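Undergrad: Sending over a structure as structure tokens; questions will come in a sec.
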There are 6 protein chains.
Amino acid sequence: MRKSSAKAGAAKPNRTASKRPALKPAAIALRAIKGGKPAAAPEKKPVARVIPTPDAPDDVPVIALNLPPAKLSPAMQAYFKKCEQKLGFVPNVLLAYAFDSAKLEPFVAMYNELMLGESGLSKLEREMIAVAVSSQNRCYYCLTAHGAAVRQYSGNPLLGEQIVMNYRVARTGKRERAMLDFAVKLTSAPWSVEEADRERLRRAGFSDRDIWDISAVASFFNMSNRVASATDMRPNTSYHKQAR
Amino acid sequence: MRKSSAKAGAAKPNRTASKRPALKPAAIALRAIKGGKPAAAPEKKPVARVIPTPDAPDDVPVIALNLPPAKLSPAMQAYFKKCEQKLGFVPNVLLAYAFDSAKLEPFVAMYNELMLGESGLSKLEREMIAVAVSSQNRCYYCLTAHGAAVRQYSGNPLLGEQIVMNYRVARTGKRERAMLDFAVKLTSAPWSVEEADRERLRRAGFSDRDIWDISAVASFFNMSNRVASATDMRPNTSYHKQAR
Amino acid sequence: MRKSSAKAGAAKPNRTASKRPALKPAAIALRAIKGGKPAAAPEKKPVARVIPTPDAPDDVPVIALNLPPAKLSPAMQAYFKKCEQKLGFVPNVLLAYAFDSAKLEPFVAMYNELMLGESGLSKLEREMIAVAVSSQNRCYYCLTAHGAAVRQYSGNPLLGEQIVMNYRVARTGKRERAMLDFAVKLTSAPWSVEEADRERLRRAGFSDRDIWDISAVASFFNMSNRVASATDMRPNTSYHKQAR
Amino acid sequence: MRKSSAKAGAAKPNRTASKRPALKPAAIALRAIKGGKPAAAPEKKPVARVIPTPDAPDDVPVIALNLPPAKLSPAMQAYFKKCEQKLGFVPNVLLAYAFDSAKLEPFVAMYNELMLGESGLSKLEREMIAVAVSSQNRCYYCLTAHGAAVRQYSGNPLLGEQIVMNYRVARTGKRERAMLDFAVKLTSAPWSVEEADRERLRRAGFSDRDIWDISAVASFFNMSNRVASATDMRPNTSYHKQAR
Amino acid sequence: MRKSSAKAGAAKPNRTASKRPALKPAAIALRAIKGGKPAAAPEKKPVARVIPTPDAPDDVPVIALNLPPAKLSPAMQAYFKKCEQKLGFVPNVLLAYAFDSAKLEPFVAMYNELMLGESGLSKLEREMIAVAVSSQNRCYYCLTAHGAAVRQYSGNPLLGEQIVMNYRVARTGKRERAMLDFAVKLTSAPWSVEEADRERLRRAGFSDRDIWDISAVASFFNMSNRVASATDMRPNTSYHKQAR
Amino acid sequence: MRKSSAKAGAAKPNRTASKRPALKPAAIALRAIKGGKPAAAPEKKPVARVIPTPDAPDDVPVIALNLPPAKLSPAMQAYFKKCEQKLGFVPNVLLAYAFDSAKLEPFVAMYNELMLGESGLSKLEREMIAVAVSSQNRCYYCLTAHGAAVRQYSGNPLLGEQIVMNYRVARTGKRERAMLDFAVKLTSAPWSVEEADRERLRRAGFSDRDIWDISAVASFFNMSNRVASATDMRPNTSYHKQAR
């Protein structure tokens, strides 16, 4: 008789931790970040992995590199505190950069200017670009964090999922479609972007300053996606339940 | 002073419906399916799109082809009824095939044998293959429906998201990783699959019969993904909230 | 003086059989298929390969998996008998699936409905799609079996060769070209198929039901090609001489 | 009842000739080639295409460029005569180059040295490289002409078909497999060929001079394939029936 | 007799200026940058292009977007002055960003920290990564500016050319080769970078902090390359003659 | 305090010579070429590599194959002497082929006819094709040698660099752009070149004979690039300083 158990051979994600070095858990990083003395670098031995779930604390290592957190500058301490107040947590990408304030600060400055600063693009549009680019690059960290942002800003949970999966199925207007087509072409074949592509954006109603912003946001996530992939950066589990 | 509204320029997904022919709404299909006489094919005029959201009814057209639903065979009527009882809805892929029972029946038979029949692979493993393949092909329908299944069978919502985004970040065991590597290679470069690839599966503990099943499931979704993309098939909105 | 022998260093295909497990020869499978008891699974030892040639019997292993044939259901026994009467042989793909009637039956049902059932597409057109898709996926089994079908249905041996090699060189009409362009795009980049692609088919004279059929046939061979590649399925040698 | 005619909608290849300029038919070219005065360039008007079949004469235009044949040098006249005596026809690639003896002569010299001259590679091996490369580039002309040569030299019709379709399925020895792997890598990603690739050939028994020859033959067909594709070169129909 | 003039049909690059909007010439930008009032945006009319040559002034438009330069902050004014003193010119990428100090400042901060700050990687190594990544993305601006830097830092003009063309031909040591392999893989297939890739770097002698730096530099140029391609950014002509 | 030495960790190209066989230095080849007796094949032992620089003599091995030079035919001896008189050196590609006059002669004949013979294309245009194709294939030898030729023929050093890096940024006229687009498409996807592509060239003013020449030059470099990559052919260092 036919039968099959869903349990037999089920994935046991945390039993088979590949032999990565013991990494900086976010918890340790956070202590350092809050102004204490830098935690000692953990020894290189296999650690028992806690399965990450939306309900579990953020105790997975943030990245797969052994980088002891540094003492944050007062500005960055204040910024991390603000993150905790507004979001309930410090985004892991910030913890990842927190091993060196000299690297963290320009990253935060550039990110905030691009994604939250003045622009002809709405914040939602910028997040849509972030997700469409990250989908092209299959970046787990950015799809998780910015997929949540699209769900939140749009008030449309499906829109976030669609851009994660294939932006072409999203029933956006022509303006957003032109914007995403440009961002994705710039991601997958930057050498082939030419005046005709910029003209297409102008015809969809974008100013030259908007074109700069579309380009800059798409380009920024081509950087961020790669930092995340290169270091196996893990998103905070809180993102997963946001705005579903 | 800098400010930017998240609302300005926000995506208004449903205002700009591209001029697709009026399609068979799932509701109409369902009426026919339940045994009534086939609904008349709707006229070809632009329809006001209802924004699909997880809370809205499944009233979007299921596919972008104008195919009037046929009268279902008794067996299929019974099957659809069973779907409603167990899932609360008839999966849209079945409604899509419902314009011709001669096409629907072998599809249902093959699907059920592969995904629910006896196998050395657990149901979760088969769903993981479905999602990894669908991610490669960026298939909105299958990622939505089978992503939900992975979340459900695994009891781990993150695992579903990870395989949708990039299966390599999922901390599965070696067995599952070998299985997904094979399925993804078979998807993206089938001509290059050779004995060494099968040997890798055998070394990971799979029998020759398991290898058939991995191959058959991966191949099946290479078919399904393409039927879905070719027809712009839309998933039931209920999937989105399942097992988050 | 210059000379060179065509014989020196000539390929000796069967001397260097890679170490695959001994497989189910079609002959054994056939015995089982005809209603006898399932043949014992052959031992795993290197076998002396017989060079397959158009004049040799079908004694090569059908697939590279060791799957003992099962007793066929009466329906499938009758079907195989019919194959032998009409074609002179049972296509190897059927022998490959014959290890499990539960897998064989839906495959046969789906195949026959798609390729031989009622449709707005001629049988030749469906075979042309099969070959164009299989060429994209470089599938030896399907190119051989369906290449022969194109030669046969069209009465034009060159047409079969052309679609095997590069469908763009075939001097088909605009209708067939649009159909093959769609099938090949669906094969190589399914995520990018959109309404504009369906519109192109409509302009070439295809109905929405025809578009379903084009999609379904192209999708089916994206499945079949992968089952064949994953299992190293070998075509019956008889195909090679058909309709040259 | 279900039925479907193979004839309905069948491809009618020659009715829908695309508007190419009237081209130099091989017959005309041949007259010029035999020493007469160059034929006048045919006018630019649509011509009724004769369906090319293996039984029809070679009256299709050889290439899609309007290049009146030139008077051949005595050496080339003798060479063409020799082709007719040995093969029964002049290969169309030679007719294509025959519009300028200054282009024809080095082509013939290079071809003959590479494919027929002294080498550590057998003639069959060189033809196998030609076909594997042409398959990668999907070149109709070269697959047809050199596929026939592999069938002929090997006495194994299936081997020719296999290399046309996917060289990996051919059960060649390790030596030939290494040779074809190198040729195909050099075709698809020449920038990535490095010392490790040459070492693999040396380990398979090839001398440095053999490596030159493998490289030179693979490279030559990367040239020939492109001249053929750029000009829509058509193979002589006689090749199709050879050595089946 | 055969002859052919190199002049006939020679490329006349500046006669055929495509209809791009009149752009901010670097000269105008520079005036604004030095502290004067922002120059008025030039009108949108076709301009006579001056051929850019290594000996000509930098009077080509820096980017293909019409973005009037802003008044620079004192810090940026000082920085641009320093550039002129040390390099003899302000790099065009800075002029491009100079339309908004809020965008320019984080870019400069991030760039200087990454390329000139403390690191386990030498400045030459960081420039080699910049060029290898830019070659993958075929970025004219970055290949020109950073190709010059490799020539300069290495004292080996050929090394710069080699990494522009194909980094695999450069006879670097194993350390540099491992570093460039990682950077190029991260560029072309970021989703596939995994622990094994990081391990390869560790085996080549890199610390985890070095791996961060390799990743960050490669990622930064994946951003910069795209900003440059999206805006058709033009390098200062001075780079071309540097360190030949 | 922050500091970083450009010297620390600098690339030391010649210390880490990979274990290639000792190769035929150009100097030895040249001696043989000038009519002396063939030099003995150098033994297979690691050699101390001299760093190639623009000022160093051409003493690097020309190719990575151990092929003792042959005695040149009188015609080739004369040709090499002419090269030395006109260029100051014999191009390494000729030294590479010089191990067999039967291979060298047709190569020289074909090259000279194509690149220097009568044609509707200027010599500069032919060199532009050579470089655009070689950039696609990332061929170090051909980019170096023919990049220099573009700089020289055009009198515009930047044009040479641009086509090496990304031909799309070169401000050529429409004629040259159409020509390069065709050559690059023929290089990267020869199977997709069709009548519409030839028509685009005709509309840009090219005759059918010009189209042959564009095709033949692009195809020739698809051959040459691969011979160079397969053998690790090294360009004469003199090219690097030419026409900067």
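Ligands are numbered from 1 in the order shown, residues from 1 within each chain, and chains are lettered A, B, ... in the order they appear in the structure tokens.
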Determine, for each residue of chain A having at least one atom at most 10 Å from an atom of chain C, the closest pair of atoms and their separation in Å to one decimal, counting only C-alpha atoms; order by chain and ascending number, as JSON lines.

TA:
```
{"residue": "A:Met165", "atom": "CA", "partner": "C:Trp191", "partner_atom": "CA", "distance": 9.6}
{"residue": "A:Asn166", "atom": "CA", "partner": "C:Trp191", "partner_atom": "CA", "distance": 7.1}
{"residue": "A:Tyr167", "atom": "CA", "partner": "C:Trp191", "partner_atom": "CA", "distance": 9.5}
{"residue": "A:Arg168", "atom": "CA", "partner": "C:Ser192", "partner_atom": "CA", "distance": 7.5}
{"residue": "A:Val169", "atom": "CA", "partner": "C:Glu194", "partner_atom": "CA", "distance": 8.6}
```

Undergrad: Those same residues - all heavy atoms - I'd like them written as a compact mmCIF listing (two decimals), in the first residue's frame.

TA:
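In the end it all went to part-v7.txt:
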```txt
# COMPACT_ATOMS: atom_id res chain seq x y z
N MET A 165 10.29 37.19 -6.18
CA MET A 165 10.25 36.01 -7.05
C MET A 165 10.52 36.34 -8.53
O MET A 165 11.30 35.67 -9.18
CB MET A 165 8.90 35.33 -6.90
CG MET A 165 8.73 34.70 -5.51
SD MET A 165 7.01 34.21 -5.21
CE MET A 165 7.12 33.51 -3.56
N ASN A 166 9.85 37.33 -9.04
CA ASN A 166 10.01 37.71 -10.45
C ASN A 166 9.26 39.01 -10.65
O ASN A 166 8.03 39.02 -10.80
CB ASN A 166 9.42 36.61 -11.35
CG ASN A 166 9.61 36.92 -12.83
OD1 ASN A 166 10.07 38.00 -13.20
ND2 ASN A 166 9.24 35.97 -13.69
N TYR A 167 10.00 40.12 -10.69
CA TYR A 167 9.34 41.43 -10.69
C TYR A 167 8.38 41.61 -11.87
O TYR A 167 7.50 42.46 -11.83
CB TYR A 167 10.39 42.55 -10.68
CG TYR A 167 11.03 42.80 -12.02
CD1 TYR A 167 10.57 43.82 -12.85
CD2 TYR A 167 12.07 42.02 -12.48
CE1 TYR A 167 11.15 44.04 -14.10
CE2 TYR A 167 12.66 42.23 -13.70
CZ TYR A 167 12.19 43.25 -14.52
OH TYR A 167 12.75 43.46 -15.74
N ARG A 168 8.56 40.81 -12.91
CA ARG A 168 7.70 40.98 -14.09
C ARG A 168 6.24 40.63 -13.81
O ARG A 168 5.35 41.04 -14.55
CB ARG A 168 8.22 40.12 -15.24
CG ARG A 168 9.58 40.57 -15.76
CD ARG A 168 10.14 39.57 -16.73
NE ARG A 168 11.57 39.76 -16.95
CZ ARG A 168 12.51 39.24 -16.16
NH1 ARG A 168 12.18 38.49 -15.13
NH2 ARG A 168 13.78 39.45 -16.43
N VAL A 169 5.98 39.82 -12.79
CA VAL A 169 4.59 39.44 -12.53
C VAL A 169 3.85 40.49 -11.69
O VAL A 169 2.63 40.41 -11.54
CB VAL A 169 4.47 38.06 -11.82
CG1 VAL A 169 5.21 37.00 -12.60
CG2 VAL A 169 4.95 38.11 -10.38
```

Undergrad: Fewer than 6 positions away in the same chain doesn't count, so skip those; otherwise give me all residues within 12 Å of B:Ser207, counting only C-alpha atoms, as a PyMOL selection string.

TA: (chain B and resi 119-121+175+179+198-201+213-214) or (chain C and resi 65-67)

Undergrad: Give me the residues within 6 Å of stretch 88-98 of chain E as a PyMOL selection string, counting only C-alpha atoms and dropping any in the same chain fewer than 3 places off.

TA: chain E and resi 69+83-85+104+235

Undergrad: Taking C-alpha atoms for each residue, export the selection above as a PDB file, in the first residue's frame.

TA:
```pdb
ATOM      1  CA  PRO E  69      26.691  71.218 -10.171  1.00  0.00           C
ATOM      2  CA  CYS E  83      43.189  66.378  -5.883  1.00  0.00           C
ATOM      3  CA  GLU E  84      44.329  69.079  -8.264  1.00  0.00           C
ATOM      4  CA  GLN E  85      47.568  69.542  -6.378  1.00  0.00           C
ATOM      5  CA  LEU E 104      29.498  63.100  -2.822  1.00  0.00           C
ATOM      6  CA  PRO E 235      37.375  59.250 -17.556  1.00  0.00           C
TER       7      PRO E 235
END
```

Undergrad: Can you work out the spacing between atom CA of B:Gly173 and atom CA of B:Gly205 in Å, to one decimal?

TA: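 That distance, rounded to one decimal, is 11.8 Å.
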
Undergrad: To one decimal place in Å, what is the distance between atom CA of F:Phe221 and atom CA of D:Cys139?

TA: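 Computed distance, atom CA of F:Phe221 to atom CA of D:Cys139, equals 17.5 Å.
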
Undergrad: Can you work out which one of A:Phe107, A:Phe99, A:Phe182, A:Tyr140 has the shortest atom-to-atom distance to A:Trp212, counting only C-alpha atoms?

TA: A:Phe182

Undergrad: Env of stretch 108-118 of chain B: 10 Å cut, atoms = only C-alpha atoms, seq-sep filter 6 positions within chain, self excluded. Answer as a compact mmCIF listing (two decimals) with C-alpha atoms, in the first residue's frame.

TA:
```txt
# COMPACT_ATOMS: atom_id res chain seq x y z
CA MET A 1 0.00 0.00 0.00
CA ARG A 2 1.16 3.50 -0.81
CA LYS A 3 2.11 5.77 2.00
CA SER A 4 4.80 8.25 2.66
CA SER A 5 5.71 10.17 5.73
CA ALA A 6 6.47 13.84 5.49
CA MET B 76 -12.58 15.47 -11.21
CA TYR B 79 -11.40 15.64 -6.56
CA VAL B 93 -3.40 25.31 -11.38
CA LEU B 94 -6.30 22.85 -11.37
CA TYR B 97 -6.36 22.92 -16.57
CA LEU B 124 9.21 17.68 2.35
CA GLU B 125 12.17 16.71 0.21
CA ARG B 126 10.00 16.61 -2.87
CA GLU B 127 8.63 20.05 -2.07
CA ALA B 130 9.91 21.84 -6.38
CA ASP B 213 12.32 10.33 -8.17
CA ILE B 214 14.62 13.33 -7.74
CA ALA B 216 11.20 13.10 -12.10
CA VAL B 217 10.18 15.75 -9.57
CA PHE B 220 7.99 17.85 -13.57
CA PHE B 221 8.48 21.34 -12.17
CA SER B 224 4.89 23.15 -14.55
CA ALA C 102 1.94 4.00 -11.41
CA LYS C 103 4.51 6.22 -13.11
CA LEU C 104 4.12 4.80 -16.59
CA GLU C 105 0.38 5.28 -16.90
CA PRO C 106 0.06 9.03 -16.31
CA PHE C 107 3.08 9.57 -18.54
CA ALA C 109 -1.87 9.39 -20.83
CA MET C 110 -0.36 12.84 -20.85
```

Undergrad: Would you work out the distance separating atom CA of C:His240 from atom CA of D:Ile129, expressed in Å to one decimal?

TA: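 Distance reported for this atom pair: 21.9 Å.
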
Undergrad: Taking the DSSP assignment computed from this structure's backbone, write out as a PyMOL selection string all residues of stretch 94-225 of chain F that belong to helix (DSSP H, G or I).

TA: chain F and resi 94-97+101-116+123-136+140-154+157-165+167-169+174-188+190-192+195-203+208-225

Undergrad: Any idea what's packed within 8 Å of stretch 241-244 of chain D, counting only C-alpha atoms, ignoring anything in its chain fewer than 5 positions away? Could you give it as a ChimeraX atom specification?

TA: /C:240-241,244 /D:54,148,151-152,155,157

Undergrad: Create the file for the chosen residues now, containing N, CA and C atoms and written as an mmCIF file, in the first residue's frame.

TA:
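The new file selection.cif reads:
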```cif
data_model
loop_
_atom_site.group_PDB
_atom_site.id
_atom_site.type_symbol
_atom_site.label_atom_id
_atom_site.label_comp_id
_atom_site.auth_asym_id
_atom_site.auth_seq_id
_atom_site.Cartn_x
_atom_site.Cartn_y
_atom_site.Cartn_z
ATOM 1 N N HIS C 240 17.015 5.855 -36.124
ATOM 2 C CA HIS C 240 18.042 6.516 -36.924
ATOM 3 C C HIS C 240 17.824 6.405 -38.428
ATOM 4 N N LYS C 241 17.273 5.269 -38.866
ATOM 5 C CA LYS C 241 17.109 5.089 -40.317
ATOM 6 C C LYS C 241 15.753 5.537 -40.823
ATOM 7 N N ARG C 244 14.681 8.781 -43.781
ATOM 8 C CA ARG C 244 15.841 9.538 -44.279
ATOM 9 C C ARG C 244 15.640 9.899 -45.738
ATOM 10 N N PRO D 54 16.758 15.767 -50.073
ATOM 11 C CA PRO D 54 17.949 14.986 -50.420
ATOM 12 C C PRO D 54 17.948 14.519 -51.865
ATOM 13 N N ALA D 148 28.300 14.145 -41.667
ATOM 14 C CA ALA D 148 28.416 13.078 -42.667
ATOM 15 C C ALA D 148 29.819 12.464 -42.641
ATOM 16 N N ARG D 151 30.166 10.113 -39.712
ATOM 17 C CA ARG D 151 29.477 8.849 -40.012
ATOM 18 C C ARG D 151 30.334 7.971 -40.926
ATOM 19 N N GLN D 152 30.929 8.613 -41.916
ATOM 20 C CA GLN D 152 31.692 7.893 -42.917
ATOM 21 C C GLN D 152 33.002 7.329 -42.351
ATOM 22 N N GLY D 155 32.359 4.661 -39.674
ATOM 23 C CA GLY D 155 31.535 3.507 -40.019
ATOM 24 C C GLY D 155 30.428 3.307 -39.000
ATOM 25 N N PRO D 157 27.087 5.273 -37.958
ATOM 26 C CA PRO D 157 26.165 6.397 -38.194
ATOM 27 C C PRO D 157 25.699 7.057 -36.902
#
```
